[in-house]
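Have a look at query-v9.csv; it's CSV, C-alpha atoms and all ligand atoms:
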chain,number,residue,atom,x,y,z
A,1,MET,CA,54.3,-96.2,24.7
A,2,SER,CA,54.9,-99.4,26.5
A,3,GLN,CA,52.4,-102.2,27.0
A,4,VAL,CA,52.3,-105.9,26.8
A,5,ILE,CA,52.4,-107.7,23.4
A,6,GLN,CA,50.9,-111.1,23.1
A,7,ILE,CA,52.9,-113.5,20.9
A,8,VAL,CA,51.1,-116.3,19.1
A,9,ARG,CA,52.7,-119.0,16.9
A,10,THR,CA,49.9,-120.9,15.2
A,11,PRO,CA,47.2,-119.8,12.7
A,12,ALA,CA,44.6,-121.2,15.1
A,13,ASP,CA,45.8,-118.9,17.9
A,14,LEU,CA,45.9,-115.9,15.6
A,15,ARG,CA,42.3,-116.7,14.4
A,16,ALA,CA,41.1,-117.1,18.0
A,17,ALA,CA,42.7,-113.8,19.2
A,18,MET,CA,41.3,-111.8,16.3
A,19,ALA,CA,37.9,-113.4,16.8
A,20,ALA,CA,37.9,-112.4,20.5
A,21,TRP,CA,38.6,-108.8,19.6
A,22,ARG,CA,35.8,-108.8,17.0
A,23,LYS,CA,33.4,-110.3,19.5
A,24,ALA,CA,34.3,-107.5,21.9
A,25,GLY,CA,33.2,-105.0,19.2
A,26,LEU,CA,36.7,-103.9,18.3
A,27,ARG,CA,37.8,-102.9,14.8
A,28,THR,CA,40.9,-104.9,14.0
A,29,ALA,CA,44.0,-104.4,11.8
A,30,LEU,CA,46.8,-106.6,10.5
A,31,VAL,CA,50.2,-105.5,9.5
A,32,PRO,CA,52.0,-108.4,7.7
A,33,THR,CA,55.8,-108.2,7.7
A,34,MET,CA,58.9,-110.3,7.4
A,35,GLY,CA,60.5,-108.7,10.4
A,36,ALA,CA,63.8,-106.8,10.6
A,37,LEU,CA,61.6,-103.9,11.4
A,38,HIS,CA,62.5,-100.3,10.6
A,39,ALA,CA,60.7,-96.9,10.7
A,40,GLY,CA,58.8,-97.8,7.5
A,41,HIS,CA,57.2,-100.8,9.2
A,42,LEU,CA,56.4,-98.8,12.3
A,43,ALA,CA,54.6,-96.3,10.0
A,44,LEU,CA,52.5,-99.2,8.8
A,45,VAL,CA,51.6,-99.9,12.4
A,46,ALA,CA,50.8,-96.2,13.0
A,47,GLU,CA,48.5,-96.2,9.9
A,48,ALA,CA,46.8,-99.3,11.2
A,49,ARG,CA,46.3,-97.7,14.6
A,50,ARG,CA,44.6,-94.8,12.9
A,51,ARG,CA,42.2,-97.1,11.2
A,52,ALA,CA,41.4,-99.7,13.9
A,53,ASP,CA,41.1,-100.2,17.7
A,54,VAL,CA,43.6,-103.0,17.9
A,55,VAL,CA,46.5,-104.0,15.7
A,56,ALA,CA,48.2,-107.3,15.1
A,57,ALA,CA,51.4,-107.7,13.2
A,58,SER,CA,52.9,-110.8,11.7
A,59,ILE,CA,56.6,-111.7,11.2
A,60,PHE,CA,57.2,-114.5,8.9
A,61,VAL,CA,60.1,-114.9,6.5
A,62,ASN,CA,58.1,-116.7,3.8
A,63,PRO,CA,60.3,-119.2,2.1
A,64,LYS,CA,57.8,-119.5,-0.8
A,65,GLN,CA,58.6,-115.9,-2.0
A,66,PHE,CA,62.4,-116.4,-2.3
A,67,GLY,CA,64.0,-117.9,-5.4
A,68,PRO,CA,66.7,-120.6,-5.0
A,69,ASN,CA,69.6,-118.2,-5.3
A,70,GLU,CA,68.0,-115.4,-3.2
A,71,ASP,CA,68.6,-114.3,0.3
A,72,PHE,CA,66.1,-116.4,2.4
A,73,ALA,CA,68.9,-117.9,4.6
A,74,ARG,CA,70.6,-114.6,5.3
A,75,TYR,CA,67.5,-112.4,5.5
A,76,PRO,CA,67.9,-110.5,8.8
A,77,ARG,CA,65.9,-112.0,11.7
A,78,ASP,CA,65.6,-110.4,15.2
A,79,GLU,CA,62.3,-111.5,16.8
A,80,ALA,CA,63.0,-110.1,20.3
A,81,GLY,CA,64.1,-106.7,18.9
A,82,ASP,CA,61.1,-106.6,16.6
A,83,ALA,CA,58.6,-107.5,19.3
A,84,ALA,CA,59.9,-104.7,21.5
A,85,LYS,CA,59.5,-102.2,18.6
A,86,LEU,CA,56.0,-103.4,17.9
A,87,ARG,CA,55.1,-103.2,21.5
A,88,GLU,CA,56.4,-99.6,21.7
A,89,ALA,CA,54.4,-98.8,18.5
A,90,GLY,CA,51.2,-99.9,20.2
A,91,CYS,CA,50.8,-103.3,18.5
A,92,ALA,CA,48.8,-105.6,20.8
A,93,LEU,CA,49.6,-109.0,19.2
A,94,LEU,CA,52.5,-110.5,17.2
A,95,PHE,CA,51.9,-113.6,15.0
A,96,ALA,CA,55.3,-115.2,14.6
A,97,PRO,CA,54.9,-118.7,13.3
A,98,GLU,CA,57.5,-121.3,12.3
A,99,VAL,CA,57.5,-122.4,8.6
A,100,GLY,CA,55.8,-125.7,9.6
A,101,ASP,CA,52.9,-123.7,11.2
A,102,VAL,CA,52.2,-121.9,8.0
A,103,TYR,CA,53.0,-124.7,5.6
A,104,PRO,CA,52.4,-128.0,7.4
A,105,PRO,CA,53.4,-131.3,5.8
A,106,GLY,CA,51.1,-131.9,2.8
A,107,PHE,CA,50.5,-128.2,2.1
A,108,ALA,CA,49.6,-128.1,-1.6
A,109,THR,CA,47.9,-124.8,-2.3
A,110,SER,CA,49.4,-121.9,-4.4
A,111,VAL,CA,47.6,-118.7,-5.1
A,112,LYS,CA,48.4,-117.4,-8.6
A,113,LEU,CA,47.1,-114.3,-10.2
A,114,ALA,CA,46.9,-113.8,-13.9
A,115,GLY,CA,48.8,-110.9,-15.4
A,116,LEU,CA,49.9,-108.7,-12.6
A,117,PRO,CA,52.7,-111.0,-11.3
A,118,ASP,CA,54.2,-111.5,-14.7
A,119,VAL,CA,55.7,-108.0,-15.2
A,120,LEU,CA,58.3,-105.8,-13.4
A,121,CYS,CA,59.7,-107.6,-10.3
A,122,GLY,CA,57.7,-110.7,-11.3
A,123,ALA,CA,59.6,-111.0,-14.6
A,124,ALA,CA,62.9,-110.8,-12.8
A,125,ARG,CA,61.8,-113.1,-9.9
A,126,PRO,CA,59.7,-115.9,-11.3
A,127,GLY,CA,57.4,-117.4,-8.7
A,128,HIS,CA,58.0,-114.6,-6.2
A,129,PHE,CA,54.5,-113.2,-6.3
A,130,ASP,CA,52.9,-116.7,-6.2
A,131,GLY,CA,54.7,-117.1,-2.8
A,132,VAL,CA,53.5,-113.6,-1.7
A,133,ALA,CA,49.9,-114.2,-2.8
A,134,THR,CA,49.8,-117.6,-1.1
A,135,VAL,CA,51.0,-116.4,2.3
A,136,VAL,CA,49.1,-113.1,2.2
A,137,THR,CA,45.9,-115.0,1.3
A,138,LYS,CA,46.5,-117.3,4.2
A,139,LEU,CA,47.2,-114.5,6.6
A,140,LEU,CA,44.2,-112.5,5.5
A,141,ALA,CA,41.9,-115.5,5.6
A,142,THR,CA,43.1,-116.5,9.1
A,143,ALA,CA,43.1,-113.1,10.7
A,144,ARG,CA,39.9,-111.8,9.1
A,145,ALA,CA,41.0,-108.2,10.1
A,146,ASP,CA,38.9,-105.3,9.1
A,147,VAL,CA,41.9,-103.6,7.5
A,148,ALA,CA,45.4,-104.7,6.5
A,149,VAL,CA,48.2,-102.2,5.8
A,150,PHE,CA,51.0,-102.7,3.3
A,151,GLY,CA,53.8,-100.4,2.2
A,152,GLU,CA,53.7,-98.6,-1.1
A,153,LYS,CA,57.4,-99.3,-1.5
A,154,ASP,CA,56.5,-102.7,-2.8
A,155,TRP,CA,54.0,-101.2,-5.2
A,156,GLN,CA,53.5,-104.3,-7.3
A,157,GLN,CA,52.9,-106.4,-4.2
A,158,LEU,CA,50.3,-103.9,-3.1
A,159,ALA,CA,48.5,-104.0,-6.4
A,160,ILE,CA,48.5,-107.8,-6.3
A,161,VAL,CA,47.2,-107.9,-2.7
A,162,ARG,CA,44.5,-105.4,-3.5
A,163,ARG,CA,43.5,-107.6,-6.5
A,164,LEU,CA,43.4,-110.9,-4.7
A,165,ALA,CA,41.6,-109.5,-1.6
A,166,ALA,CA,38.9,-108.1,-4.0
A,167,ASP,CA,38.7,-111.2,-6.2
A,168,LEU,CA,38.4,-113.6,-3.3
A,169,ASP,CA,36.0,-111.3,-1.3
A,170,LEU,CA,38.3,-111.7,1.7
A,171,GLY,CA,36.5,-108.9,3.6
A,172,THR,CA,39.6,-107.0,4.6
A,173,ASP,CA,40.2,-103.4,3.3
A,174,ILE,CA,43.7,-103.2,1.9
A,175,VAL,CA,45.4,-99.9,2.7
A,176,GLY,CA,48.7,-98.7,1.2
A,177,ALA,CA,51.0,-96.5,3.4
A,178,PRO,CA,53.5,-94.0,1.9
A,179,ILE,CA,57.2,-94.9,1.5
A,180,VAL,CA,59.3,-93.8,4.5
A,181,ARG,CA,62.7,-92.4,3.3
A,182,ASP,CA,66.1,-91.8,5.0
A,183,GLY,CA,67.3,-88.2,5.1
A,184,ASP,CA,69.0,-88.5,1.7
A,185,GLY,CA,65.9,-89.9,0.1
A,186,LEU,CA,66.7,-93.7,0.0
A,187,ALA,CA,63.5,-95.7,0.7
A,188,LEU,CA,63.8,-97.6,4.0
A,189,SER,CA,64.2,-101.4,3.4
A,190,SER,CA,65.3,-104.3,5.6
A,191,ARG,CA,67.7,-105.1,2.7
A,192,ASN,CA,69.5,-101.8,3.0
A,193,ALA,CA,71.3,-103.5,5.8
A,194,TYR,CA,73.2,-105.6,3.2
A,195,LEU,CA,74.8,-102.4,1.6
A,196,SER,CA,78.4,-101.6,2.3
A,197,ALA,CA,79.2,-98.0,3.4
A,198,GLU,CA,80.2,-97.2,-0.1
A,199,GLU,CA,77.1,-98.8,-1.6
A,200,ARG,CA,74.9,-96.9,0.9
A,201,VAL,CA,76.3,-93.6,-0.4
A,202,ALA,CA,75.8,-94.7,-4.1
A,203,ALA,CA,72.3,-96.0,-3.4
A,204,VAL,CA,70.9,-92.4,-3.2
A,205,ALA,CA,71.2,-92.4,-7.0
A,206,LEU,CA,68.0,-94.5,-7.2
A,207,PRO,CA,65.5,-92.0,-5.6
A,208,ARG,CA,67.4,-89.2,-7.3
A,209,ALA,CA,67.1,-90.8,-10.8
A,210,LEU,CA,63.4,-91.5,-10.2
A,211,GLY,CA,62.8,-87.9,-8.9
A,212,GLU,CA,64.5,-86.4,-11.9
A,213,ALA,CA,62.6,-88.7,-14.2
A,214,ALA,CA,59.2,-87.9,-12.6
A,215,ALA,CA,60.0,-84.1,-13.0
A,216,ALA,CA,60.9,-84.6,-16.6
A,217,LEU,CA,57.7,-86.6,-17.3
A,218,GLN,CA,55.6,-83.9,-15.6
A,219,ALA,CA,57.3,-81.4,-17.8
A,220,GLY,CA,56.1,-83.3,-20.8
A,221,ASP,CA,59.4,-85.0,-21.9
A,222,ASP,CA,59.3,-88.1,-24.1
A,223,VAL,CA,58.7,-91.1,-21.9
A,224,ALA,CA,61.2,-93.5,-23.6
A,225,ALA,CA,64.0,-90.9,-23.5
A,226,VAL,CA,63.3,-90.1,-19.8
A,227,LEU,CA,63.4,-93.8,-18.8
A,228,ASP,CA,66.6,-94.2,-20.8
A,229,THR,CA,68.2,-91.3,-19.0
A,230,ALA,CA,67.2,-92.7,-15.6
A,231,ARG,CA,68.8,-96.1,-16.6
A,232,GLY,CA,71.9,-94.2,-17.6
A,233,ARG,CA,72.1,-92.4,-14.3
A,234,LEU,CA,71.7,-95.6,-12.4
A,235,ALA,CA,74.4,-97.3,-14.4
A,236,ALA,CA,76.7,-94.3,-13.9
A,237,ALA,CA,76.2,-94.6,-10.1
A,238,GLY,CA,77.3,-98.3,-10.2
A,239,PHE,CA,73.9,-100.0,-10.4
A,240,GLY,CA,73.7,-103.1,-12.5
A,241,PRO,CA,72.0,-105.2,-13.6
A,242,ILE,CA,69.1,-102.8,-13.9
A,243,ASP,CA,65.9,-105.0,-13.9
A,244,TYR,CA,63.6,-102.2,-15.0
A,245,VAL,CA,62.8,-98.5,-15.0
A,246,ALA,CA,59.1,-98.3,-16.1
A,247,LEU,CA,56.1,-96.0,-16.2
A,248,VAL,CA,53.0,-97.9,-15.6
A,249,ASP,CA,49.3,-97.6,-14.7
A,250,GLY,CA,49.4,-97.8,-10.9
A,251,ALA,CA,46.5,-100.4,-10.7
A,252,THR,CA,47.0,-102.6,-13.8
A,253,LEU,CA,50.8,-102.2,-14.0
A,254,VAL,CA,50.5,-101.9,-17.8
A,255,ALA,CA,53.3,-99.8,-19.3
A,256,ILE,CA,52.0,-96.4,-20.5
A,257,GLY,CA,53.4,-94.0,-23.0
A,258,ALA,CA,52.4,-90.8,-21.2
A,259,PRO,CA,51.7,-89.9,-17.6
A,260,THR,CA,48.0,-90.4,-16.7
A,261,PRO,CA,46.1,-90.0,-13.4
A,262,GLY,CA,47.4,-92.8,-11.1
A,263,ALA,CA,50.6,-93.4,-13.2
A,264,ARG,CA,53.5,-94.8,-11.2
A,265,LEU,CA,57.3,-94.7,-12.1
A,266,LEU,CA,59.0,-97.8,-10.8
A,267,ALA,CA,62.6,-99.1,-10.8
A,268,ALA,CA,64.5,-102.2,-9.6
A,269,ALA,CA,68.2,-102.6,-9.8
A,270,PHE,CA,71.1,-104.3,-8.2
A,271,LEU,CA,73.8,-102.4,-6.3
A,272,GLY,CA,76.5,-105.1,-5.8
A,273,ARG,CA,74.5,-108.1,-4.5
A,274,THR,CA,71.6,-106.1,-3.1
A,275,ARG,CA,68.5,-105.6,-5.2
A,276,LEU,CA,66.8,-102.3,-4.5
A,277,ILE,CA,63.3,-101.1,-5.5
A,278,ASP,CA,61.6,-97.8,-5.4
A,279,ASN,CA,58.7,-95.9,-7.0
A,280,LEU,CA,57.1,-92.5,-7.2
A,281,ALA,CA,53.7,-91.2,-8.2
A,282,VAL,CA,53.9,-89.2,-11.5
B,301,LIG,O1,56.3,-107.1,2.2
B,301,LIG,C1,56.6,-108.1,2.9
B,301,LIG,O2,57.2,-107.9,4.0
B,301,LIG,C2,56.2,-109.5,2.5
B,301,LIG,O3,56.2,-109.6,1.1
B,301,LIG,C3,54.8,-109.9,3.1
B,301,LIG,C4,53.7,-109.0,2.5
B,301,LIG,C5,54.8,-109.8,4.6
B,301,LIG,C6,54.5,-111.3,2.6
B,301,LIG,O4,55.4,-112.2,3.1

What does the file become when written as structure tokens?
Ligand code: PAF
Amino acid sequence: MSQVIQIVRTPADLRAAMAAWRKAGLRTALVPTMGALHAGHLALVAEARRRADVVAASIFVNPKQFGPNEDFARYPRDEAGDAAKLREAGCALLFAPEVGDVYPPGFATSVKLAGLPDVLCGAARPGHFDGVATVVTKLLATARADVAVFGEKDWQQLAIVRRLAADLDLGTDIVGAPIVRDGDGLALSSRNAYLSAEERVAAVALPRALGEAAAALQAGDDVAAVLDTARGRLAAAGFGPIDYVALVDGATLVAIGAPTPGARLLAAAFLGRTRLIDNLAV
């Protein structure tokens, strides 16, 4: 598909474009991203198109969700390439603001949830989910879309976004879209671009360790032992540090001692300088 994509830079222009669509009786969707788009992002757009008449995407590398020693400066950026992909995917509008458009001088608000951001990735990346919650709240409040689509790869982020959208009555349905994987099983991620050729080969140990662990849990094996084995497999493949391998309730993110309906198996670990995350339903 090839059509025109409108690019807007300011929250006011995003708000006006979305309002015009609503006024025309169209059901609207938003797909928030940080760019460096791959097939996983385009699957979010496809899901949004199934649920709405018109789809807007945002590209904003949000400085508030990066720690001081993280990869904000080197995060891949390719707005022209991304805009072309979005256009081909049937996205009608791209919101691509500068940092100063989202956080003008004097910006003083932070959205902070209790509990959910303190565990898993939040424990390893203090402040990360406050940054995510702040920008996502601003995006949702500005766009006022009927639906917003987020990837299940960032499972904790999805749980946090669902919680804040419900708590603040933002009026947007939050939809999770399944993880898209490479042929060998590695979850697609913009950060996979950081992996050396050797690391890319080793990275498959992450989905494999989770897959084996999920099968063992379903077979009734002891949870602590299964998680230990998965950590061992990751370490043997060259991962380290391993931030966590955990079995949690998929909504509350509380660790559980046995698989229950909605349970999720999650892992985060470094391969060289690259932090990879993945998760599976159990
Ligand atoms: O998942 C992402 O790409 C980002 O965390 C998000 C949701 C766009 C917020 O910056």

As AutoDock Vina command-line options: centre and edge lengths in Å, one decimal, of the axis-aligned box holding segment 6-21 of chain A with 6 Å per side:
--center_x 45.4 --center_y -115.0 --center_z 17.9 --size_x 27.0 --size_y 24.4 --size_z 22.4

Seminar exercise, completed: Pro178 of chain A proximity check over A:Lys85, A:Arg49, A:Arg74, A:His41, using all atoms listed in the file: winner is A:His41

Give me, as a Markdown table, each residue of chain A that comes within 8 Å of ligand LIG 301 (chain B), together with its shortest interatomic pair and the distance in Å at one decimal, counting all atoms listed in the file, with rows ordered by chain and rising residue number.
| residue | atom | partner | partner_atom | distance |
| --- | --- | --- | --- | --- |
| A:Val31 | CA | B:LIG301 | C5 | 8.0 |
| A:Pro32 | CA | B:LIG301 | C5 | 4.4 |
| A:Thr33 | CA | B:LIG301 | C5 | 3.6 |
| A:Met34 | CA | B:LIG301 | O2 | 4.5 |
| A:Gly35 | CA | B:LIG301 | O2 | 7.2 |
| A:Ser58 | CA | B:LIG301 | C5 | 7.4 |
| A:Ile59 | CA | B:LIG301 | C5 | 7.1 |
| A:Phe60 | CA | B:LIG301 | O4 | 6.5 |
| A:Val61 | CA | B:LIG301 | O4 | 6.4 |
| A:Asn62 | CA | B:LIG301 | O4 | 5.3 |
| A:Gln65 | CA | B:LIG301 | O4 | 7.1 |
| A:Gly131 | CA | B:LIG301 | O4 | 7.7 |
| A:Val132 | CA | B:LIG301 | C6 | 5.0 |
| A:Ala133 | CA | B:LIG301 | C6 | 7.7 |
| A:Val135 | CA | B:LIG301 | O4 | 6.1 |
| A:Val136 | CA | B:LIG301 | C6 | 5.7 |
| A:Phe150 | CA | B:LIG301 | C4 | 6.9 |
| A:Gly151 | CA | B:LIG301 | O1 | 7.2 |
| A:Asp154 | CA | B:LIG301 | O1 | 6.7 |
| A:Gln157 | CA | B:LIG301 | O3 | 7.0 |

Taking C-alpha atoms for each residue, export the selection above as a short mmCIF file (atom, residue, chain, number, x, y, z; two decimals), in the frame of the given file.
data_model
loop_
_atom_site.label_atom_id
_atom_site.label_comp_id
_atom_site.auth_asym_id
_atom_site.auth_seq_id
_atom_site.Cartn_x
_atom_site.Cartn_y
_atom_site.Cartn_z
CA VAL A 31 50.20 -105.50 9.50
CA PRO A 32 52.00 -108.40 7.70
CA THR A 33 55.80 -108.20 7.70
CA MET A 34 58.90 -110.30 7.40
CA GLY A 35 60.50 -108.70 10.40
CA SER A 58 52.90 -110.80 11.70
CA ILE A 59 56.60 -111.70 11.20
CA PHE A 60 57.20 -114.50 8.90
CA VAL A 61 60.10 -114.90 6.50
CA ASN A 62 58.10 -116.70 3.80
CA GLN A 65 58.60 -115.90 -2.00
CA GLY A 131 54.70 -117.10 -2.80
CA VAL A 132 53.50 -113.60 -1.70
CA ALA A 133 49.90 -114.20 -2.80
CA VAL A 135 51.00 -116.40 2.30
CA VAL A 136 49.10 -113.10 2.20
CA PHE A 150 51.00 -102.70 3.30
CA GLY A 151 53.80 -100.40 2.20
CA ASP A 154 56.50 -102.70 -2.80
CA GLN A 157 52.90 -106.40 -4.20
#

For this session: Figure out the distance between atom CA of Gln156 of chain A and atom CA of Asp169 of chain A, please, to one decimal in Å.
Result: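 Result for atom CA of Asp169 of chain A versus atom CA of Gln156 of chain A: 19.8 Å, one decimal.
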
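We find atom CA of Asp173 of chain A and atom CA of Ala143 of chain A to be spaced 12.5 Å apart.
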
Near-Val226 of chain A list (9 Å; all atoms listed in the file; drop same-chain fewer than 2 positions) as a short mmCIF file (atom, residue, chain, number, x, y, z; two decimals) with C-alpha atoms, in the frame of the given file:
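Writing done, so here's out-v6.cif:
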data_model
loop_
_atom_site.label_atom_id
_atom_site.label_comp_id
_atom_site.auth_asym_id
_atom_site.auth_seq_id
_atom_site.Cartn_x
_atom_site.Cartn_y
_atom_site.Cartn_z
CA GLU A 212 64.50 -86.40 -11.90
CA ALA A 213 62.60 -88.70 -14.20
CA ALA A 214 59.20 -87.90 -12.60
CA ALA A 216 60.90 -84.60 -16.60
CA LEU A 217 57.70 -86.60 -17.30
CA ASP A 221 59.40 -85.00 -21.90
CA ASP A 222 59.30 -88.10 -24.10
CA VAL A 223 58.70 -91.10 -21.90
CA ALA A 224 61.20 -93.50 -23.60
CA ASP A 228 66.60 -94.20 -20.80
CA THR A 229 68.20 -91.30 -19.00
CA ALA A 230 67.20 -92.70 -15.60
CA ARG A 231 68.80 -96.10 -16.60
#
